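Raw contents of my_file-v3.cif, mmCIF, C-alpha atoms:
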```
data_input
#
loop_
_atom_site.label_atom_id
_atom_site.label_comp_id
_atom_site.auth_asym_id
_atom_site.auth_seq_id
_atom_site.Cartn_x
_atom_site.Cartn_y
_atom_site.Cartn_z
CA MET O 1 -5.32 -57.71 14.25
CA THR O 2 -5.34 -54.22 15.74
CA ALA O 3 -8.43 -52.31 16.77
CA ALA O 4 -7.88 -49.78 14.01
CA ALA O 5 -8.02 -52.46 11.37
CA THR O 6 -11.43 -53.72 12.48
CA GLU O 7 -12.88 -50.26 12.90
CA ARG O 8 -15.15 -49.31 10.05
CA ILE O 9 -17.96 -46.95 9.29
CA PRO O 10 -21.30 -48.74 9.00
CA ILE O 11 -23.29 -48.47 5.78
CA LEU O 12 -27.05 -48.84 6.24
CA ARG O 13 -29.27 -49.88 3.40
CA THR O 14 -32.73 -48.42 3.11
CA SER O 15 -35.21 -49.53 0.47
CA GLU O 16 -33.55 -47.62 -2.32
CA PHE O 17 -30.52 -45.83 -0.96
CA LEU O 18 -27.41 -46.31 1.11
CA LEU O 19 -26.95 -44.30 4.26
CA VAL O 20 -23.50 -43.60 5.66
CA THR O 21 -23.26 -41.88 9.01
CA ILE O 22 -19.85 -40.50 9.83
CA GLN O 23 -19.52 -40.07 13.58
CA VAL O 24 -15.86 -40.59 14.32
CA ASP O 25 -12.67 -38.84 13.36
CA MET O 26 -11.65 -39.89 9.91
CA HIS O 27 -8.18 -41.07 9.15
CA ASP O 28 -6.54 -42.55 6.06
CA ARG O 29 -7.27 -46.19 6.68
CA LEU O 30 -10.87 -45.56 7.71
CA ALA O 31 -11.47 -43.46 4.61
CA ILE O 32 -10.05 -46.09 2.30
CA THR O 33 -12.10 -48.83 3.99
CA LEU O 34 -15.21 -46.68 3.61
CA GLN O 35 -14.54 -46.05 -0.09
CA ASP O 36 -14.02 -49.79 -0.59
CA ASP O 37 -17.14 -50.81 1.29
CA LEU O 38 -19.33 -48.16 -0.27
CA THR O 39 -18.37 -48.88 -3.87
CA ASN O 40 -18.88 -52.60 -3.24
CA GLN O 41 -22.31 -52.02 -1.68
CA ILE O 42 -23.42 -49.75 -4.52
CA VAL O 43 -22.59 -52.45 -7.04
CA LYS O 44 -24.06 -55.25 -4.93
CA HIS O 45 -27.41 -53.56 -4.27
CA HIS O 46 -27.68 -51.59 -7.49
CA SER O 47 -28.18 -48.48 -5.38
CA ARG O 48 -28.97 -45.30 -7.20
CA GLY O 49 -28.41 -42.91 -4.32
CA VAL O 50 -26.05 -42.43 -1.37
CA LEU O 51 -26.70 -40.26 1.67
CA ILE O 52 -23.71 -39.21 3.72
CA ASP O 53 -24.80 -37.91 7.10
CA ILE O 54 -22.15 -35.74 8.72
CA SER O 55 -24.38 -34.07 11.32
CA SER O 56 -22.22 -35.32 14.18
CA LEU O 57 -18.99 -34.09 12.66
CA GLU O 58 -17.91 -31.01 14.57
CA VAL O 59 -14.46 -30.60 13.12
CA VAL O 60 -13.32 -30.97 9.55
CA ASP O 61 -10.07 -30.55 7.74
CA SER O 62 -9.10 -30.52 4.12
CA PHE O 63 -8.61 -34.28 4.21
CA ILE O 64 -12.23 -35.02 5.13
CA GLY O 65 -13.42 -32.41 2.65
CA ARG O 66 -11.47 -34.04 -0.14
CA MET O 67 -12.58 -37.50 0.92
CA ILE O 68 -16.25 -36.53 0.72
CA GLY O 69 -15.63 -35.12 -2.74
CA ASN O 70 -13.89 -38.37 -3.77
CA ILE O 71 -16.71 -40.56 -2.49
CA ALA O 72 -19.22 -38.46 -4.41
CA ALA O 73 -17.17 -38.74 -7.59
CA MET O 74 -16.81 -42.53 -7.24
CA SER O 75 -20.53 -42.97 -6.64
CA ARG O 76 -21.29 -40.89 -9.69
CA VAL O 77 -19.10 -43.14 -11.82
CA LEU O 78 -21.22 -46.04 -10.57
CA ASP O 79 -24.39 -44.06 -11.44
CA ALA O 80 -25.41 -43.33 -7.88
CA GLU O 81 -26.08 -39.79 -6.73
CA THR O 82 -24.52 -38.56 -3.51
CA VAL O 83 -26.17 -36.15 -1.11
CA VAL O 84 -24.27 -34.81 1.87
CA VAL O 85 -26.71 -34.07 4.67
CA GLY O 86 -26.71 -32.36 8.04
CA MET O 87 -23.57 -30.27 7.78
CA GLN O 88 -23.04 -28.08 10.84
CA PRO O 89 -22.69 -24.30 10.32
CA ALA O 90 -19.16 -24.26 11.71
CA VAL O 91 -18.17 -27.08 9.38
CA ALA O 92 -19.68 -25.30 6.37
CA ILE O 93 -17.79 -22.11 7.20
CA THR O 94 -14.52 -24.01 7.63
CA LEU O 95 -14.89 -25.80 4.30
CA VAL O 96 -15.61 -22.53 2.50
CA GLU O 97 -12.62 -20.87 4.15
CA LEU O 98 -10.49 -23.82 3.06
CA GLY O 99 -11.71 -23.25 -0.47
CA LEU O 100 -13.45 -26.64 -0.56
CA SER O 101 -16.99 -25.83 -1.60
CA LEU O 102 -17.54 -29.40 -2.86
CA PRO O 103 -18.60 -28.66 -6.41
CA GLY O 104 -20.77 -31.39 -7.88
CA VAL O 105 -21.86 -32.68 -4.48
CA ARG O 106 -25.52 -32.17 -3.63
CA THR O 107 -26.42 -31.13 -0.12
CA ALA O 108 -29.50 -31.18 2.11
CA LEU O 109 -30.32 -30.01 5.58
CA ASN O 110 -31.24 -33.41 7.04
CA VAL O 111 -31.69 -37.05 6.06
CA ASP O 112 -35.39 -36.53 5.31
CA LYS O 113 -34.77 -33.71 2.88
CA GLY O 114 -31.85 -35.58 1.39
CA MET O 115 -34.05 -38.59 0.61
CA GLU O 116 -36.68 -36.34 -0.89
CA LEU O 117 -34.03 -34.73 -3.05
CA LEU O 118 -32.81 -38.12 -4.27
CA ARG O 119 -36.34 -39.36 -4.99
CA THR O 120 -37.15 -36.20 -6.90
CA SER O 121 -34.07 -36.45 -9.04
CA LEU O 122 -34.54 -40.18 -9.68
CA HIS O 123 -38.31 -40.46 -10.11
CA GLY O 124 -39.38 -36.93 -11.01
CA ALA O 125 -41.92 -35.24 -8.75
CA PRO O 126 -41.51 -35.66 -4.96
CA ASN O 127 -43.95 -37.73 -2.92
CA GLY O 128 -47.25 -36.03 -2.29
CA ALA O 129 -46.72 -33.27 -4.81
CA SER O 130 -48.75 -33.06 -7.97
CA MET Q 131 15.99 12.55 43.24
CA THR Q 132 15.84 11.57 46.90
CA THR Q 133 16.51 15.08 48.13
CA GLY Q 134 13.84 16.31 45.76
CA ALA Q 135 11.40 13.79 47.13
CA ARG Q 136 12.26 14.74 50.67
CA HIS Q 137 11.81 18.42 50.01
CA LEU Q 138 8.57 17.90 48.21
CA ALA Q 139 7.22 15.64 50.94
CA ASP Q 140 8.36 18.13 53.53
CA ILE Q 141 6.67 21.02 51.79
CA LEU Q 142 3.45 19.12 51.17
CA LYS Q 143 3.33 18.32 54.84
CA ARG Q 144 4.29 21.69 56.22
CA TYR Q 145 2.30 23.97 53.93
CA ASP Q 146 -0.66 21.67 53.46
CA ALA Q 147 -3.29 24.26 54.30
CA GLN Q 148 -1.74 27.10 52.29
CA ILE Q 149 -1.18 24.99 49.21
CA LEU Q 150 -4.74 23.77 49.40
CA LYS Q 151 -6.09 27.27 49.66
CA ASP Q 152 -3.99 28.63 46.78
CA TRP Q 153 -4.74 25.63 44.62
CA ILE Q 154 -8.50 25.94 45.07
CA ALA Q 155 -8.33 29.64 44.29
CA GLU Q 156 -6.30 28.86 41.19
CA GLN Q 157 -8.86 26.37 39.97
CA LEU Q 158 -11.91 28.48 40.74
CA GLU Q 159 -10.38 31.23 38.66
CA VAL Q 160 -10.29 29.13 35.47
CA ALA Q 161 -13.24 26.84 36.06
CA ARG Q 162 -16.70 27.41 34.65
CA PRO Q 163 -18.83 28.45 37.61
CA GLU Q 164 -21.51 25.85 36.92
CA ALA Q 165 -19.00 22.99 36.57
CA ILE Q 166 -18.25 22.38 40.24
CA THR Q 167 -18.99 23.81 43.68
CA GLU Q 168 -16.26 25.02 45.95
CA SER Q 169 -17.03 22.55 48.70
CA ALA Q 170 -16.90 19.57 46.33
CA LEU Q 171 -13.66 20.86 44.87
CA ARG Q 172 -12.20 21.32 48.33
CA GLY Q 173 -12.98 17.70 49.18
CA GLU Q 174 -11.35 16.43 46.02
CA CYS Q 175 -8.28 18.59 46.45
CA GLN Q 176 -7.84 17.58 50.05
CA ARG Q 177 -8.05 13.93 49.17
CA PHE Q 178 -5.61 14.30 46.32
CA LEU Q 179 -3.04 16.19 48.41
CA GLY Q 180 -3.28 13.55 51.13
CA LEU Q 181 -2.72 10.71 48.69
CA LEU Q 182 0.04 12.61 46.91
CA ARG Q 183 1.86 13.17 50.16
CA GLU Q 184 1.68 9.51 51.07
CA ALA Q 185 2.93 8.48 47.65
CA VAL Q 186 5.81 10.95 47.68
CA GLN Q 187 6.82 9.89 51.16
CA SER Q 188 6.92 6.22 50.22
CA GLY Q 189 9.42 7.17 47.50
CA GLY Q 190 9.59 6.27 43.82
CA MET Q 191 9.06 9.76 42.42
CA SER Q 192 9.81 8.76 38.85
CA ASP Q 193 7.63 5.68 38.75
CA VAL Q 194 4.07 6.91 38.64
CA ALA Q 195 2.93 3.51 37.38
CA GLY Q 196 4.41 1.78 40.44
CA PRO Q 197 2.49 0.23 43.35
CA SER Q 198 3.09 3.09 45.78
CA TRP Q 199 1.13 5.39 43.46
CA SER Q 200 -1.89 3.16 43.08
CA GLY Q 201 -3.94 5.28 45.53
CA VAL Q 202 -3.29 8.45 43.54
CA ARG Q 203 -3.97 6.68 40.26
CA ASP Q 204 -7.28 5.26 41.45
CA MET Q 205 -8.37 8.63 42.75
CA LEU Q 206 -7.47 10.37 39.48
CA ALA Q 207 -9.23 7.69 37.41
CA GLU Q 208 -12.35 8.08 39.50
CA LEU Q 209 -12.18 11.86 39.21
CA SER Q 210 -11.58 11.78 35.48
CA GLN Q 211 -14.54 9.48 34.92
CA ALA Q 212 -16.79 11.58 37.13
CA ARG Q 213 -15.74 14.77 35.34
CA ALA Q 214 -16.18 13.17 31.92
CA ALA Q 215 -19.68 12.03 32.88
CA GLY Q 216 -20.36 15.60 33.97
CA GLY Q 217 -19.42 16.87 30.52
CA ALA Q 218 -15.96 18.24 31.26
CA THR Q 219 -13.40 18.31 28.49
CA PRO Q 220 -10.14 16.39 28.88
CA SER Q 221 -8.17 19.62 29.25
CA GLU Q 222 -10.44 20.78 32.06
CA THR Q 223 -9.82 17.50 33.82
CA ALA Q 224 -6.07 17.71 33.31
CA THR Q 225 -6.12 21.27 34.65
CA PHE Q 226 -7.11 19.85 38.00
CA VAL Q 227 -3.63 18.37 38.39
CA LEU Q 228 -1.66 20.93 36.42
CA SER Q 229 -3.00 23.91 38.36
CA LEU Q 230 -1.26 22.57 41.44
CA LYS Q 231 2.02 23.68 39.90
CA ARG Q 232 1.82 27.36 40.76
CA PRO Q 233 1.04 27.05 44.47
CA LEU Q 234 3.54 24.24 44.84
CA PHE Q 235 6.33 26.08 43.03
CA ALA Q 236 5.69 29.21 45.06
CA ARG Q 237 6.21 27.23 48.26
CA LEU Q 238 9.31 25.58 46.82
CA ARG Q 239 10.83 28.94 46.05
CA GLN Q 240 10.00 30.19 49.48
CA GLU Q 241 11.63 27.14 51.03
CA VAL Q 242 14.75 26.74 48.91
CA GLY Q 243 15.31 30.45 48.58
CA ARG Q 244 18.07 31.85 46.47
CA ASP Q 245 19.86 28.63 45.61
CA ALA Q 246 19.07 28.59 41.88
CA ASP Q 247 20.52 25.13 41.18
CA THR Q 248 18.55 23.39 43.89
CA LEU Q 249 15.42 25.30 43.00
CA THR Q 250 15.66 24.25 39.33
CA ASP Q 251 16.14 20.63 40.37
CA GLU Q 252 13.22 20.76 42.74
CA ILE Q 253 10.92 22.36 40.20
CA TRP Q 254 11.98 19.92 37.54
CA THR Q 255 11.18 16.96 39.79
CA ALA Q 256 7.80 18.37 40.72
CA THR Q 257 6.83 19.40 37.22
CA THR Q 258 7.73 16.00 35.75
CA LEU Q 259 5.60 14.36 38.38
CA LEU Q 260 2.59 16.58 37.89
CA ASP Q 261 2.81 16.32 34.10
CA LYS Q 262 2.74 12.57 34.34
CA LEU Q 263 -0.30 12.66 36.59
CA GLY Q 264 -2.01 15.16 34.30
CA LEU Q 265 -1.40 12.92 31.30
CA TYR Q 266 -2.76 10.01 33.26
CA THR Q 267 -6.13 11.73 33.69
CA THR Q 268 -6.30 12.33 29.95
CA GLU Q 269 -5.43 8.72 29.30
CA VAL Q 270 -8.21 7.49 31.56
CA TYR Q 271 -10.64 9.86 29.87
CA LEU Q 272 -9.72 8.52 26.42
CA LYS Q 273 -9.94 4.93 27.59
CA GLY Q 274 -13.46 5.57 28.80
CA ARG Q 275 -14.39 7.05 25.44
CA GLU Q 276 -12.85 4.15 23.52
CA GLU Q 277 -14.79 1.71 25.62
CA VAL Q 278 -18.03 3.47 24.66
CA ILE Q 279 -17.10 3.39 20.96
CA ARG Q 280 -16.22 -0.28 21.10
CA ARG Q 281 -19.51 -1.15 22.78
CA GLN Q 282 -21.48 0.80 20.22
CA GLN Q 283 -19.65 -0.88 17.37
CA HIS Q 284 -20.46 -4.25 18.82
CA GLU Q 285 -24.11 -3.35 19.25
CA MET Q 286 -24.26 -2.12 15.68
CA LEU Q 287 -22.92 -5.42 14.44
CA GLU Q 288 -25.53 -7.31 16.39
CA LEU Q 289 -28.34 -5.04 15.28
CA SER Q 290 -27.45 -4.87 11.64
CA THR Q 291 -27.68 -8.54 10.76
CA PRO Q 292 -31.20 -9.77 11.36
CA VAL Q 293 -32.38 -12.95 9.71
CA VAL Q 294 -36.07 -12.77 8.87
CA LYS Q 295 -38.39 -15.64 8.19
CA LEU Q 296 -40.52 -14.76 5.16
CA TRP Q 297 -42.42 -17.98 4.61
CA ASP Q 298 -42.17 -21.65 5.45
CA ASP Q 299 -38.72 -22.69 4.31
CA VAL Q 300 -37.83 -19.17 3.14
CA LEU Q 301 -35.45 -16.88 5.06
CA ALA Q 302 -34.42 -13.35 4.17
CA LEU Q 303 -31.23 -11.58 5.18
CA PRO Q 304 -31.45 -7.84 4.53
CA LEU Q 305 -27.90 -6.52 4.59
CA ILE Q 306 -27.30 -2.88 5.47
CA GLY Q 307 -23.93 -1.19 5.38
CA THR Q 308 -20.56 -2.25 4.07
CA LEU Q 309 -19.53 -5.87 4.37
CA ASP Q 310 -16.10 -6.46 5.83
CA SER Q 311 -14.57 -9.71 6.98
CA ALA Q 312 -15.71 -9.40 10.58
CA ARG Q 313 -19.29 -8.62 9.59
CA THR Q 314 -19.37 -11.34 6.98
CA GLN Q 315 -18.37 -13.82 9.63
CA ILE Q 316 -21.24 -12.76 11.90
CA VAL Q 317 -23.72 -12.61 9.02
CA MET Q 318 -22.69 -16.05 7.86
CA GLU Q 319 -22.95 -17.59 11.31
CA ASN Q 320 -26.33 -15.99 11.96
CA LEU Q 321 -27.71 -17.16 8.65
CA LEU Q 322 -26.40 -20.71 8.94
CA ASN Q 323 -27.66 -21.09 12.49
CA ARG Q 324 -31.09 -19.87 11.48
CA ILE Q 325 -31.09 -22.29 8.55
CA VAL Q 326 -30.49 -25.13 11.00
CA GLU Q 327 -33.16 -23.84 13.40
CA THR Q 328 -35.88 -23.31 10.83
CA GLY Q 329 -34.94 -25.97 8.32
CA ALA Q 330 -35.23 -23.40 5.57
CA ALA Q 331 -34.50 -24.50 2.02
CA ILE Q 332 -34.02 -21.04 0.53
CA ALA Q 333 -32.29 -17.94 1.83
CA ILE Q 334 -32.65 -14.58 0.13
CA ILE Q 335 -29.73 -12.21 0.67
CA ASP Q 336 -30.92 -8.70 -0.03
CA ILE Q 337 -28.16 -6.18 -0.69
CA THR Q 338 -30.32 -3.11 -1.28
CA GLY Q 339 -28.70 -1.48 1.75
CA VAL Q 340 -25.13 -2.25 0.75
CA PRO Q 341 -23.72 1.00 -0.63
CA THR Q 342 -20.86 -0.41 -2.70
CA VAL Q 343 -19.89 -3.82 -3.95
CA ASP Q 344 -16.22 -4.37 -4.70
CA THR Q 345 -14.40 -7.61 -5.32
CA LEU Q 346 -13.93 -8.20 -1.60
CA VAL Q 347 -17.60 -7.71 -0.77
CA ALA Q 348 -18.57 -9.93 -3.68
CA GLN Q 349 -16.18 -12.58 -2.46
CA HIS Q 350 -17.70 -12.40 1.02
CA LEU Q 351 -21.17 -12.76 -0.47
CA LEU Q 352 -20.13 -15.77 -2.51
CA LYS Q 353 -18.57 -17.36 0.56
CA THR Q 354 -21.85 -17.00 2.42
CA VAL Q 355 -23.73 -18.50 -0.51
CA ALA Q 356 -21.27 -21.41 -0.73
CA ALA Q 357 -21.54 -22.14 3.00
CA ALA Q 358 -25.34 -22.11 2.85
CA ARG Q 359 -25.25 -24.44 -0.13
CA LEU Q 360 -23.02 -26.87 1.75
CA MET Q 361 -25.70 -27.06 4.42
CA GLY Q 362 -28.34 -27.76 1.82
CA ALA Q 363 -29.98 -24.37 1.39
CA ASP Q 364 -30.12 -22.41 -1.86
CA CYS Q 365 -29.33 -18.71 -1.86
CA ILE Q 366 -30.80 -15.95 -3.97
CA ILE Q 367 -29.12 -12.55 -4.08
CA SER Q 368 -31.58 -9.71 -4.54
CA GLY Q 369 -31.69 -5.94 -4.40
CA ILE Q 370 -28.94 -5.43 -6.96
CA ARG Q 371 -29.06 -1.81 -8.10
CA PRO Q 372 -28.18 -0.87 -11.68
CA GLN Q 373 -24.83 0.66 -10.74
CA ILE Q 374 -23.92 -2.39 -8.73
CA ALA Q 375 -24.76 -4.68 -11.63
CA GLN Q 376 -22.43 -2.60 -13.79
CA THR Q 377 -19.70 -2.64 -11.17
CA ILE Q 378 -19.92 -6.40 -10.79
CA VAL Q 379 -19.46 -6.89 -14.52
CA HIS Q 380 -16.68 -4.31 -14.80
CA LEU Q 381 -14.81 -5.95 -11.94
CA GLY Q 382 -15.16 -9.29 -13.64
CA VAL Q 383 -16.74 -10.88 -10.57
CA GLU Q 384 -18.03 -14.34 -11.43
CA LEU Q 385 -21.25 -14.98 -9.56
CA GLY Q 386 -21.38 -18.54 -10.87
CA ASN Q 387 -24.77 -20.18 -10.81
CA VAL Q 388 -26.15 -18.05 -7.99
CA ILE Q 389 -29.63 -16.77 -8.77
CA THR Q 390 -29.71 -12.97 -8.75
CA LYS Q 391 -32.78 -10.74 -8.84
CA ALA Q 392 -33.28 -7.01 -8.97
CA THR Q 393 -35.83 -6.81 -6.17
CA LEU Q 394 -36.69 -8.74 -3.06
CA ALA Q 395 -40.21 -9.29 -4.43
CA ASP Q 396 -38.88 -11.10 -7.50
CA ALA Q 397 -36.62 -13.21 -5.34
CA PHE Q 398 -39.54 -14.07 -3.08
CA THR Q 399 -41.65 -15.18 -6.03
CA ILE Q 400 -38.89 -17.49 -7.21
CA ALA Q 401 -38.45 -18.82 -3.68
CA LEU Q 402 -42.17 -19.60 -3.45
CA GLN Q 403 -42.09 -21.39 -6.79
CA LYS Q 404 -39.14 -23.47 -5.68
CA THR Q 405 -40.75 -24.50 -2.43
CA GLY Q 406 -43.99 -25.30 -4.25
CA ALA Q 407 -46.04 -22.65 -2.46
CA THR Q 408 -48.34 -20.20 -4.21
CA ILE Q 409 -49.59 -16.82 -3.20
CA GLY Q 410 -52.37 -15.01 -5.03
CA LYS Q 411 -54.88 -12.21 -4.78
CA GLY Q 412 -57.54 -14.42 -3.20
CA ALA Q 413 -59.69 -15.04 -6.28
CA GLY Q 414 -61.73 -17.64 -4.36
CA ARG Q 415 -63.21 -15.11 -1.95
#
```

Mind turning this structure into structure tokens?
Amino acid sequence: MTAAATERIPILRTSEFLLVTIQVDMHDRLAITLQDDLTNQIVKHHSRGVLIDISSLEVVDSFIGRMIGNIAAMSRVLDAETVVVGMQPAVAITLVELGLSLPGVRTALNVDKGMELLRTSLHGAPNGAS
Amino acid sequence: MTTGARHLADILKRYDAQILKDWIAEQLEVARPEAITESALRGECQRFLGLLREAVQSGGMSDVAGPSWSGVRDMLAELSQARAAGGATPSETATFVLSLKRPLFARLRQEVGRDADTLTDEIWTATTLLDKLGLYTTEVYLKGREEVIRRQQHEMLELSTPVVKLWDDVLALPLIGTLDSARTQIVMENLLNRIVETGAAIAIIDITGVPTVDTLVAQHLLKTVAAARLMGADCIISGIRPQIAQTIVHLGVELGNVITKATLADAFTIALQKTGATIGKGAGR
């Protein structure tokens, strides 16, 4: 078994949601493994929301952009909302220049705000608000 | 060319004092009296003649850009910059070099005498050389000017894209002037960086100060909005004047689901509503 085959992106489970933190360069196999794992976890835990944290991604290409869009679409099919959080300014500019503005994917500035966004959309009013 | 160089070097050496005197007289005749004093001019001329002689002696008459001419070039650049700073026009600066022609040609004629062929050759060599040096002063002058323009342009870019914090979680970006690609890039970067710094949820882009909106400007605006959305901040475009609203529709620009408002105040109200803040006239007081 090669190192690449064992390498995978961890999926953390919070009380309600799944949290995926992408910190390494994505490649085909890793992306497919992540899609596999994530869809399985959503079904297993009946998760209603997925947070994808890409705050440590400094470089993106069209492949990663498309992959994020795919993951969001798959989660939606399984009735889980996806929020992409922590995108760096340079990454945002690159994606826009590439023409990948991720329609249908919700975004938030950080994990905290992303969770709040998910809670609001799932349960109505956010915590603490009237 | 070599005989020309030898003659010229010879003459510069032999008639140094006379040429200097004639040259200064020549310049004082055309110069504005307040522009330069005779003693300062004498110093400059003396230095230039010295450097010129050295350069001519070391050969390479045709190659003014070559290494043997670096002394002359440096001196001329310095002089041109000093003159420009003193308010001289480029032609006044070029005259410094070009006015050397008459005294120099007079000496050439005196030296070569009646031999018309040689004299023509000599004069041609000298005039080509002096023209090149004269052009060089103009070039340096223009370069200096261009540098100033470039710096001002850069400063204008920096100055014209402030990102203002209006409220907790609310940023405003008042745009002034036409949006081109380079400016959009700076505006976008500024805005996105501030969004990260302040954690703002809403950014208001106010285009009151944008004189015209064409498809390109609209596209740049939409790009900025899209990039901000990717980072998790909503954008509101405000300050749309009636003509601009008409233009946008006539051009068929699709603003999508971007919120647009006529005034910054309206946009601010919406932003406050969205962030759950309220602002009132202080009825409790």

I need the chain O residues near chain Q as a ChimeraX atom specification; criterion: at most 9 Å, counting only C-alpha atoms.
/O:84-97,101-102,105-110,113-114,129

Apply the PyMOL selection byres ((chain Q and resi 138-153) around 9) to the file shown and report the selected residues as a PyMOL selection string.
chain Q and resi 133-137+154-158+172+175-176+179-180+182-187+229-234+237-238+241+252+255-256

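For the atom pair formed by CA of Ile374 (chain Q) and CA of Gln282 (chain Q), the distance is 29.2 Å, given to one decimal.
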
Which residues, named as in the file, does the PyMOL selection byres ((chain O and resi 42-51) around 9) pick out? Answer as a ChimeraX atom specification.
/O:13,16-21,37-41,52-53,72,75,78-85,111,114-115,118-119,122

Which residues fall under the PyMOL selection byres ((chain Q and resi 405) around 9) in this file, as a list in words?
Asp298, Asp299, Val300, Ala331, Ile332, Ile400, Ala401, Leu402, Gln403, Lys404, Gly406, Ala407 and Thr408 of chain Q

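Look at everything within 7 Å of (-23.8, -2.2, 10.6) using all atoms listed in the file, and the residues you get are Met286, Leu287, Ser290, Ile306 and Gly307 of chain Q.
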
For the residues in that selection, give me C-alpha atoms as a CSV table (one decimal), keeping the file's coordinate frame.
```csv
chain,number,residue,atom,x,y,z
Q,286,MET,CA,-24.3,-2.1,15.7
Q,287,LEU,CA,-22.9,-5.4,14.4
Q,290,SER,CA,-27.4,-4.9,11.6
Q,306,ILE,CA,-27.3,-2.9,5.5
Q,307,GLY,CA,-23.9,-1.2,5.4
```

Could you list, as a list in words, every residue within 12 Å of Asn70 (chain O), counting all atoms listed in the file and ignoring same-chain residues fewer than 4 positions away?
Ala31, Ile32, Leu34, Gln35, Asp36, Leu38, Thr39, Phe63, Ile64, Gly65, Arg66, Met74, Ser75, Arg76, Val77, Thr82, Leu102, Pro103, Gly104 and Val105 of chain O

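Distance check against Ile389 (chain Q) using all atoms listed in the file: of Q:Ile370, Q:Cys365, Q:Leu272, Q:Ala312, the minimum falls on Q:Cys365.
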
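Between CA of Thr338 (chain Q) and CA of Gly369 (chain Q) the separation is 4.4 Å.
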